[in-house]
file structure05.pdb (PDB, C-alpha atoms)
ATOM      1  CA  MET A 729      -9.674   8.947  55.178  1.00  0.00           C
ATOM      2  CA  ASP A 730     -11.232  12.297  54.939  1.00  0.00           C
ATOM      3  CA  ILE A 731     -14.677  12.527  53.284  1.00  0.00           C
ATOM      4  CA  THR A 732     -13.418  15.328  51.015  1.00  0.00           C
ATOM      5  CA  LEU A 733     -10.648  13.101  49.657  1.00  0.00           C
ATOM      6  CA  ILE A 734     -13.079  10.244  49.010  1.00  0.00           C
ATOM      7  CA  THR A 735     -15.502  12.601  47.245  1.00  0.00           C
ATOM      8  CA  GLY A 736     -12.655  13.948  45.106  1.00  0.00           C
ATOM      9  CA  ILE A 737     -11.562  10.451  44.082  1.00  0.00           C
ATOM     10  CA  ILE A 738     -15.139   9.475  43.187  1.00  0.00           C
ATOM     11  CA  THR A 739     -15.521  12.667  41.114  1.00  0.00           C
ATOM     12  CA  LEU A 740     -12.252  11.962  39.289  1.00  0.00           C
ATOM     13  CA  VAL A 741     -13.191   8.333  38.533  1.00  0.00           C
ATOM     14  CA  THR A 742     -16.628   9.420  37.278  1.00  0.00           C
ATOM     15  CA  ALA A 743     -15.026  11.997  34.963  1.00  0.00           C
ATOM     16  CA  LEU A 744     -12.589   9.401  33.550  1.00  0.00           C
ATOM     17  CA  VAL A 745     -15.363   6.880  32.942  1.00  0.00           C
ATOM     18  CA  SER A 746     -17.451   9.565  31.200  1.00  0.00           C
ATOM     19  CA  LEU A 747     -14.500  10.610  29.037  1.00  0.00           C
ATOM     20  CA  SER A 748     -13.819   6.980  28.081  1.00  0.00           C
ATOM     21  CA  TYR A 749     -17.443   6.560  27.078  1.00  0.00           C
ATOM     22  CA  ILE A 750     -17.344   9.723  24.930  1.00  0.00           C
ATOM     23  CA  VAL A 751     -14.149   8.581  23.161  1.00  0.00           C
ATOM     24  CA  ILE A 752     -15.673   5.186  22.358  1.00  0.00           C
ATOM     25  CA  GLU A 753     -19.131   6.552  21.507  1.00  0.00           C
ATOM     26  CA  LYS A 754     -17.788   9.296  19.230  1.00  0.00           C
ATOM     27  CA  ASP A 755     -15.571   6.776  17.390  1.00  0.00           C
ATOM     28  CA  LEU A 756     -12.328   8.630  18.163  1.00  0.00           C
ATOM     29  CA  ILE A 757     -10.298   5.450  18.622  1.00  0.00           C
ATOM     30  CA  PRO A 758     -10.832   4.200  15.031  1.00  0.00           C
ATOM     31  CA  ASN A 759      -9.653   7.591  13.700  1.00  0.00           C
ATOM     32  CA  PHE A 760      -6.378   7.068  15.564  1.00  0.00           C
ATOM     33  CA  ARG A 761      -6.120   3.576  14.059  1.00  0.00           C
ATOM     34  CA  LYS A 762      -6.914   5.020  10.630  1.00  0.00           C
ATOM     35  CA  ARG A 763      -3.988   7.456  10.868  1.00  0.00           C
ATOM     36  CA  LYS A 764      -1.687   4.617  11.927  1.00  0.00           C
ATOM     37  CA  LEU A 765      -2.899   2.465   9.022  1.00  0.00           C
ATOM     38  CA  LEU A 766      -2.312   5.266   6.504  1.00  0.00           C
ATOM     39  CA  GLU A 767       1.269   5.601   7.758  1.00  0.00           C
ATOM     40  CA  LYS A 768       1.798   1.921   6.997  1.00  0.00           C
ATOM     41  CA  PHE A 769       1.744   2.520   3.226  1.00  0.00           C
ATOM     42  CA  THR A 770       4.873   4.672   3.401  1.00  0.00           C
ATOM     43  CA  GLY A 771       8.164   2.846   2.937  1.00  0.00           C
ATOM     44  CA  LYS A 772       9.890   0.171   0.882  1.00  0.00           C
ATOM     45  CA  TRP A 773       8.143  -2.963  -0.309  1.00  0.00           C
ATOM     46  CA  LYS A 774       9.615  -5.959  -2.185  1.00  0.00           C
ATOM     47  CA  GLY A 775       8.071  -9.028  -3.719  1.00  0.00           C
ATOM     48  CA  ASP A 776       6.924 -10.658  -6.922  1.00  0.00           C
ATOM     49  CA  LEU A 777       4.766  -9.962  -9.943  1.00  0.00           C
ATOM     50  CA  HIS A 778       3.285 -13.074 -11.506  1.00  0.00           C
ATOM     51  CA  GLN A 779       2.452 -11.902 -14.997  1.00  0.00           C
ATOM     52  CA  LYS A 780      -0.051 -14.071 -16.820  1.00  0.00           C
ATOM     53  CA  ALA A 781       1.476 -15.488 -19.994  1.00  0.00           C
ATOM     54  CA  GLU A 782      -0.279 -16.021 -23.279  1.00  0.00           C
ATOM     55  CA  LYS A 783      -0.895 -19.566 -24.556  1.00  0.00           C
ATOM     56  CA  GLY A 784       2.341 -21.349 -25.358  1.00  0.00           C
ATOM     57  CA  GLN A 785       4.516 -18.925 -23.397  1.00  0.00           C
ATOM     58  CA  GLU A 786       6.131 -19.334 -19.999  1.00  0.00           C
ATOM     59  CA  ASN A 787       5.522 -16.926 -17.149  1.00  0.00           C
ATOM     60  CA  LEU A 788       8.588 -14.749 -16.623  1.00  0.00           C
ATOM     61  CA  PRO A 789       9.643 -14.491 -12.980  1.00  0.00           C
ATOM     62  CA  GLN A 790       9.581 -10.822 -12.055  1.00  0.00           C
ATOM     63  CA  GLN A 791      10.771  -9.183  -8.902  1.00  0.00           C
ATOM     64  CA  ILE A 792       9.155  -5.923  -7.952  1.00  0.00           C
ATOM     65  CA  ALA A 793      10.175  -3.143  -5.582  1.00  0.00           C
ATOM     66  CA  ILE A 794       7.972  -0.223  -4.570  1.00  0.00           C
ATOM     67  CA  THR A 795       9.046   2.828  -2.585  1.00  0.00           C
ATOM     68  CA  MET A 796       6.233   5.156  -1.527  1.00  0.00           C
ATOM     69  CA  LYS A 797       5.730   8.365   0.407  1.00  0.00           C
ATOM     70  CA  ARG A 798       2.318   9.431   1.635  1.00  0.00           C
ATOM     71  CA  ASN A 799       0.841  12.913   1.863  1.00  0.00           C
ATOM     72  CA  LYS A 800      -2.647  12.640   3.372  1.00  0.00           C
ATOM     73  CA  ASN A 801      -4.474  10.155   1.110  1.00  0.00           C
ATOM     74  CA  LYS A 802      -2.102  10.600  -1.845  1.00  0.00           C
ATOM     75  CA  VAL A 803       1.023   8.530  -2.527  1.00  0.00           C
ATOM     76  CA  LYS A 804       4.013   9.051  -4.813  1.00  0.00           C
ATOM     77  CA  GLY A 805       7.044   6.934  -5.391  1.00  0.00           C
ATOM     78  CA  LYS A 806       9.100   4.597  -7.534  1.00  0.00           C
ATOM     79  CA  LEU A 807       8.395   1.162  -8.917  1.00  0.00           C
ATOM     80  CA  THR A 808      11.081  -1.193 -10.219  1.00  0.00           C
ATOM     81  CA  PHE A 809      10.533  -4.387 -12.221  1.00  0.00           C
ATOM     82  CA  VAL A 810      13.376  -6.901 -12.583  1.00  0.00           C
ATOM     83  CA  ILE A 811      12.639  -9.546 -15.193  1.00  0.00           C
ATOM     84  CA  GLU A 812      15.027 -12.480 -15.415  1.00  0.00           C
ATOM     85  CA  ASN A 813      15.144 -14.833 -18.376  1.00  0.00           C
ATOM     86  CA  ASN A 814      17.603 -17.462 -19.621  1.00  0.00           C
ATOM     87  CA  SER A 815      20.156 -15.121 -21.149  1.00  0.00           C
ATOM     88  CA  SER A 816      19.884 -11.805 -19.327  1.00  0.00           C
ATOM     89  CA  GLY A 817      17.994  -9.594 -16.925  1.00  0.00           C
ATOM     90  CA  TYR A 818      15.844  -6.603 -17.676  1.00  0.00           C
ATOM     91  CA  LEU A 819      15.337  -3.741 -15.232  1.00  0.00           C
ATOM     92  CA  THR A 820      12.692  -1.047 -15.690  1.00  0.00           C
ATOM     93  CA  GLU A 821      11.902   1.874 -13.405  1.00  0.00           C
ATOM     94  CA  PHE A 822       8.624   3.732 -13.168  1.00  0.00           C
ATOM     95  CA  ASN A 823       7.145   6.741 -11.404  1.00  0.00           C
ATOM     96  CA  ILE A 824       4.016   5.935  -9.432  1.00  0.00           C
ATOM     97  CA  THR A 825       1.203   8.152  -8.203  1.00  0.00           C
ATOM     98  CA  GLY A 826      -2.057   7.249  -6.586  1.00  0.00           C
ATOM     99  CA  SER A 827      -4.346   7.385  -3.630  1.00  0.00           C
ATOM    100  CA  ILE A 828      -5.464   5.435  -0.601  1.00  0.00           C
ATOM    101  CA  LYS A 829      -9.075   4.260  -0.698  1.00  0.00           C
ATOM    102  CA  HIS A 830     -11.217   3.127   2.225  1.00  0.00           C
ATOM    103  CA  ASP A 831      -8.225   2.985   4.576  1.00  0.00           C
ATOM    104  CA  ARG A 832      -6.853  -0.259   3.110  1.00  0.00           C
ATOM    105  CA  PHE A 833      -6.545  -0.053  -0.681  1.00  0.00           C
ATOM    106  CA  LEU A 834      -3.954   1.589  -2.900  1.00  0.00           C
ATOM    107  CA  ASP A 835      -5.063   2.758  -6.334  1.00  0.00           C
ATOM    108  CA  LEU A 836      -1.813   3.361  -8.251  1.00  0.00           C
ATOM    109  CA  GLU A 837      -0.793   4.384 -11.745  1.00  0.00           C
ATOM    110  CA  TYR A 838       2.695   3.851 -13.108  1.00  0.00           C
ATOM    111  CA  GLN A 839       4.569   5.401 -16.036  1.00  0.00           C
ATOM    112  CA  ASN A 840       8.021   4.487 -17.354  1.00  0.00           C
ATOM    113  CA  GLU A 841      10.671   7.015 -16.256  1.00  0.00           C
ATOM    114  CA  ASP A 842      12.052   6.859 -19.808  1.00  0.00           C
ATOM    115  CA  LEU A 843       9.247   8.533 -21.746  1.00  0.00           C
ATOM    116  CA  ASN A 844      10.721   7.104 -24.981  1.00  0.00           C
ATOM    117  CA  LYS A 845       9.623   3.636 -23.797  1.00  0.00           C
ATOM    118  CA  LEU A 846       5.907   3.047 -24.051  1.00  0.00           C
ATOM    119  CA  SER A 847       5.115   1.336 -20.762  1.00  0.00           C
ATOM    120  CA  PHE A 848       2.409   2.276 -18.244  1.00  0.00           C
ATOM    121  CA  GLY A 849      -0.419   0.830 -16.219  1.00  0.00           C
ATOM    122  CA  SER A 850      -2.510   0.635 -13.078  1.00  0.00           C
ATOM    123  CA  MET A 851      -2.473  -1.399  -9.877  1.00  0.00           C
ATOM    124  CA  VAL A 852      -4.948  -1.971  -7.094  1.00  0.00           C
ATOM    125  CA  LEU A 853      -3.366  -3.290  -3.915  1.00  0.00           C
ATOM    126  CA  GLU A 854      -4.830  -4.196  -0.521  1.00  0.00           C
ATOM    127  CA  ILE A 855      -2.893  -4.082   2.737  1.00  0.00           C
ATOM    128  CA  ASN A 856      -3.245  -7.101   5.029  1.00  0.00           C
ATOM    129  CA  PRO A 857      -4.493  -6.842   8.646  1.00  0.00           C
ATOM    130  CA  THR A 858      -0.937  -6.821  10.062  1.00  0.00           C
ATOM    131  CA  ASN A 859       0.058  -3.970   7.695  1.00  0.00           C
ATOM    132  CA  ASN A 860       3.150  -5.738   6.369  1.00  0.00           C
ATOM    133  CA  GLU A 861       1.949  -7.109   3.021  1.00  0.00           C
ATOM    134  CA  LEU A 862       0.274  -5.670  -0.084  1.00  0.00           C
ATOM    135  CA  ASN A 863      -1.592  -7.951  -2.502  1.00  0.00           C
ATOM    136  CA  GLY A 864      -3.327  -7.029  -5.698  1.00  0.00           C
ATOM    137  CA  LYS A 865      -3.574  -6.862  -9.454  1.00  0.00           C
ATOM    138  CA  LEU A 866      -1.733  -5.045 -12.214  1.00  0.00           C
ATOM    139  CA  ILE A 867      -2.804  -4.230 -15.745  1.00  0.00           C
ATOM    140  CA  GLY A 868      -0.785  -2.205 -18.206  1.00  0.00           C
ATOM    141  CA  PHE A 869       1.117  -2.022 -21.451  1.00  0.00           C
ATOM    142  CA  GLY A 870       4.556  -3.663 -21.538  1.00  0.00           C
ATOM    143  CA  ALA A 871       7.430  -2.016 -23.433  1.00  0.00           C
ATOM    144  CA  LYS A 872       9.237  -5.320 -23.942  1.00  0.00           C
ATOM    145  CA  SER A 873       6.199  -7.411 -24.935  1.00  0.00           C
ATOM    146  CA  LYS A 874       4.510  -4.528 -26.765  1.00  0.00           C
ATOM    147  CA  LYS A 875       1.213  -5.940 -25.491  1.00  0.00           C
ATOM    148  CA  ILE A 876      -1.287  -5.404 -22.724  1.00  0.00           C
ATOM    149  CA  ILE A 877      -0.094  -7.279 -19.651  1.00  0.00           C
ATOM    150  CA  ASN A 878      -1.738  -8.283 -16.376  1.00  0.00           C
ATOM    151  CA  GLY A 879      -0.799 -10.171 -13.283  1.00  0.00           C
ATOM    152  CA  ASN A 880      -0.858 -10.627  -9.532  1.00  0.00           C
ATOM    153  CA  ILE A 881       1.377  -8.668  -7.152  1.00  0.00           C
ATOM    154  CA  LYS A 882       2.484  -9.645  -3.665  1.00  0.00           C
ATOM    155  CA  VAL A 883       4.967  -7.433  -1.817  1.00  0.00           C
ATOM    156  CA  THR A 884       6.069  -7.302   1.810  1.00  0.00           C
ATOM    157  CA  ARG A 885       7.393  -4.397   3.831  1.00  0.00           C
ATOM    158  CA  ASN A 886      11.177  -4.213   3.637  1.00  0.00           C
ATOM    159  CA  VAL A 887      12.231  -3.253   7.149  1.00  0.00           C
TER
END

call {"tool": "encode", "arguments": {"input": "structure05.pdb", "output": "structure tokens"}}
result
Amino acid sequence: MDITLITGIITLVTALVSLSYIVIEKDLIPNFRKRKLLEKFTGKWKGDLHQKAEKGQENLPQQIAITMKRNKNKVKGKLTFVIENNSSGYLTEFNITGSIKHDRFLDLEYQNEDLNKLSFGSMVLEINPTNNELNGKLIGFGAKSKKIINGNIKVTRNV
């Protein structure tokens, strides 16, 4: 091999090693991961809301669906509650708005689409490490119960 070729290869390898060090040192890789994580909030999520019942009352099983779109650190979308009881079901739809905090939390507010029904609240959800599940808490005012409600939410990405 020619000495010029060997010198060129060594120079190229040195430049690549230096560039790799700069990328790691300047924390550019986590910023890429951060963008990927933020994209994970967009989409359709389905799961359950376990609303805490008052003394003497049964918990109502509630299914929940969330559809979100992200624009930078802001999210907008729809939230649907399906409450099933012995005689009938009850479906309510909400508009949601909120923001992403610290790369892994959603801070959401919801308001009933039908402004004649007094129903609104807030949720804080955390995405799991595999980015396919959101867990958190809800507190709000229920149109059906006409009381302040709270509960635990667990939804998974609907692929």

call {"tool": "resolve_selection", "arguments": {"input": "structure05.pdb", "expression": "the PyMOL selection byres ((chain A and resi 806) around 10)", "output": "compact mmCIF listing (two decimals) with C-alpha atoms, in the coordinates of the input"}}
result
# COMPACT_ATOMS: atom_id res chain seq x y z
CA LYS A 772 9.89 0.17 0.88
CA ALA A 793 10.18 -3.14 -5.58
CA ILE A 794 7.97 -0.22 -4.57
CA THR A 795 9.05 2.83 -2.58
CA MET A 796 6.23 5.16 -1.53
CA LYS A 797 5.73 8.36 0.41
CA LYS A 804 4.01 9.05 -4.81
CA GLY A 805 7.04 6.93 -5.39
CA LEU A 807 8.40 1.16 -8.92
CA THR A 808 11.08 -1.19 -10.22
CA GLU A 821 11.90 1.87 -13.40
CA PHE A 822 8.62 3.73 -13.17
CA ASN A 823 7.14 6.74 -11.40
CA ILE A 824 4.02 5.94 -9.43
CA THR A 825 1.20 8.15 -8.20
CA TYR A 838 2.70 3.85 -13.11
CA GLN A 839 4.57 5.40 -16.04
CA ASN A 840 8.02 4.49 -17.35
CA GLU A 841 10.67 7.02 -16.26

call {"tool": "atom_distance", "arguments": {"input": "structure05.pdb", "atom1": "atom CA of A:Ile881", "atom2": "atom CA of A:Leu866"}}
result
7.0 Å

call {"tool": "resolve_selection", "arguments": {"input": "structure05.pdb", "expression": "the PyMOL selection byres ((chain A and resi 829) around 12)", "output": "list of chain:residue names"}}
result
A:Lys762, A:Leu765, A:Leu766, A:Phe769, A:Lys800, A:Asn801, A:Lys802, A:Val803, A:Gly826, A:Ser827, A:Ile828, A:His830, A:Asp831, A:Arg832, A:Phe833, A:Leu834, A:Asp835, A:Leu836, A:Val852, A:Leu853, A:Glu854, A:Ile855

call {"tool": "write_last_selection", "arguments": {"input": "structure05.pdb", "atoms": "C-alpha atoms", "output": "JSON list (two decimals), keeping the file's coordinate frame"}}
result
[["chain", "number", "residue", "atom", "x", "y", "z"],
["A", 762, "LYS", "CA", -6.91, 5.02, 10.63],
["A", 765, "LEU", "CA", -2.90, 2.46, 9.02],
["A", 766, "LEU", "CA", -2.31, 5.27, 6.50],
["A", 769, "PHE", "CA", 1.74, 2.52, 3.23],
["A", 800, "LYS", "CA", -2.65, 12.64, 3.37],
["A", 801, "ASN", "CA", -4.47, 10.15, 1.11],
["A", 802, "LYS", "CA", -2.10, 10.60, -1.84],
["A", 803, "VAL", "CA", 1.02, 8.53, -2.53],
["A", 826, "GLY", "CA", -2.06, 7.25, -6.59],
["A", 827, "SER", "CA", -4.35, 7.38, -3.63],
["A", 828, "ILE", "CA", -5.46, 5.44, -0.60],
["A", 830, "HIS", "CA", -11.22, 3.13, 2.22],
["A", 831, "ASP", "CA", -8.22, 2.98, 4.58],
["A", 832, "ARG", "CA", -6.85, -0.26, 3.11],
["A", 833, "PHE", "CA", -6.54, -0.05, -0.68],
["A", 834, "LEU", "CA", -3.95, 1.59, -2.90],
["A", 835, "ASP", "CA", -5.06, 2.76, -6.33],
["A", 836, "LEU", "CA", -1.81, 3.36, -8.25],
["A", 852, "VAL", "CA", -4.95, -1.97, -7.09],
["A", 853, "LEU", "CA", -3.37, -3.29, -3.92],
["A", 854, "GLU", "CA", -4.83, -4.20, -0.52],
["A", 855, "ILE", "CA", -2.89, -4.08, 2.74]]

call {"tool": "atom_distance", "arguments": {"input": "structure05.pdb", "atom1": "atom CA of A:Ser850", "atom2": "atom CA of A:Lys865"}}
result
8.4 Å

call {"tool": "resolve_selection", "arguments": {"input": "structure05.pdb", "expression": "the PyMOL selection byres ((chain A and resi 884) around 6)", "output": "list of chain:residue names"}}
result
A:Trp773, A:Lys774, A:Asn860, A:Glu861, A:Val883, A:Arg885
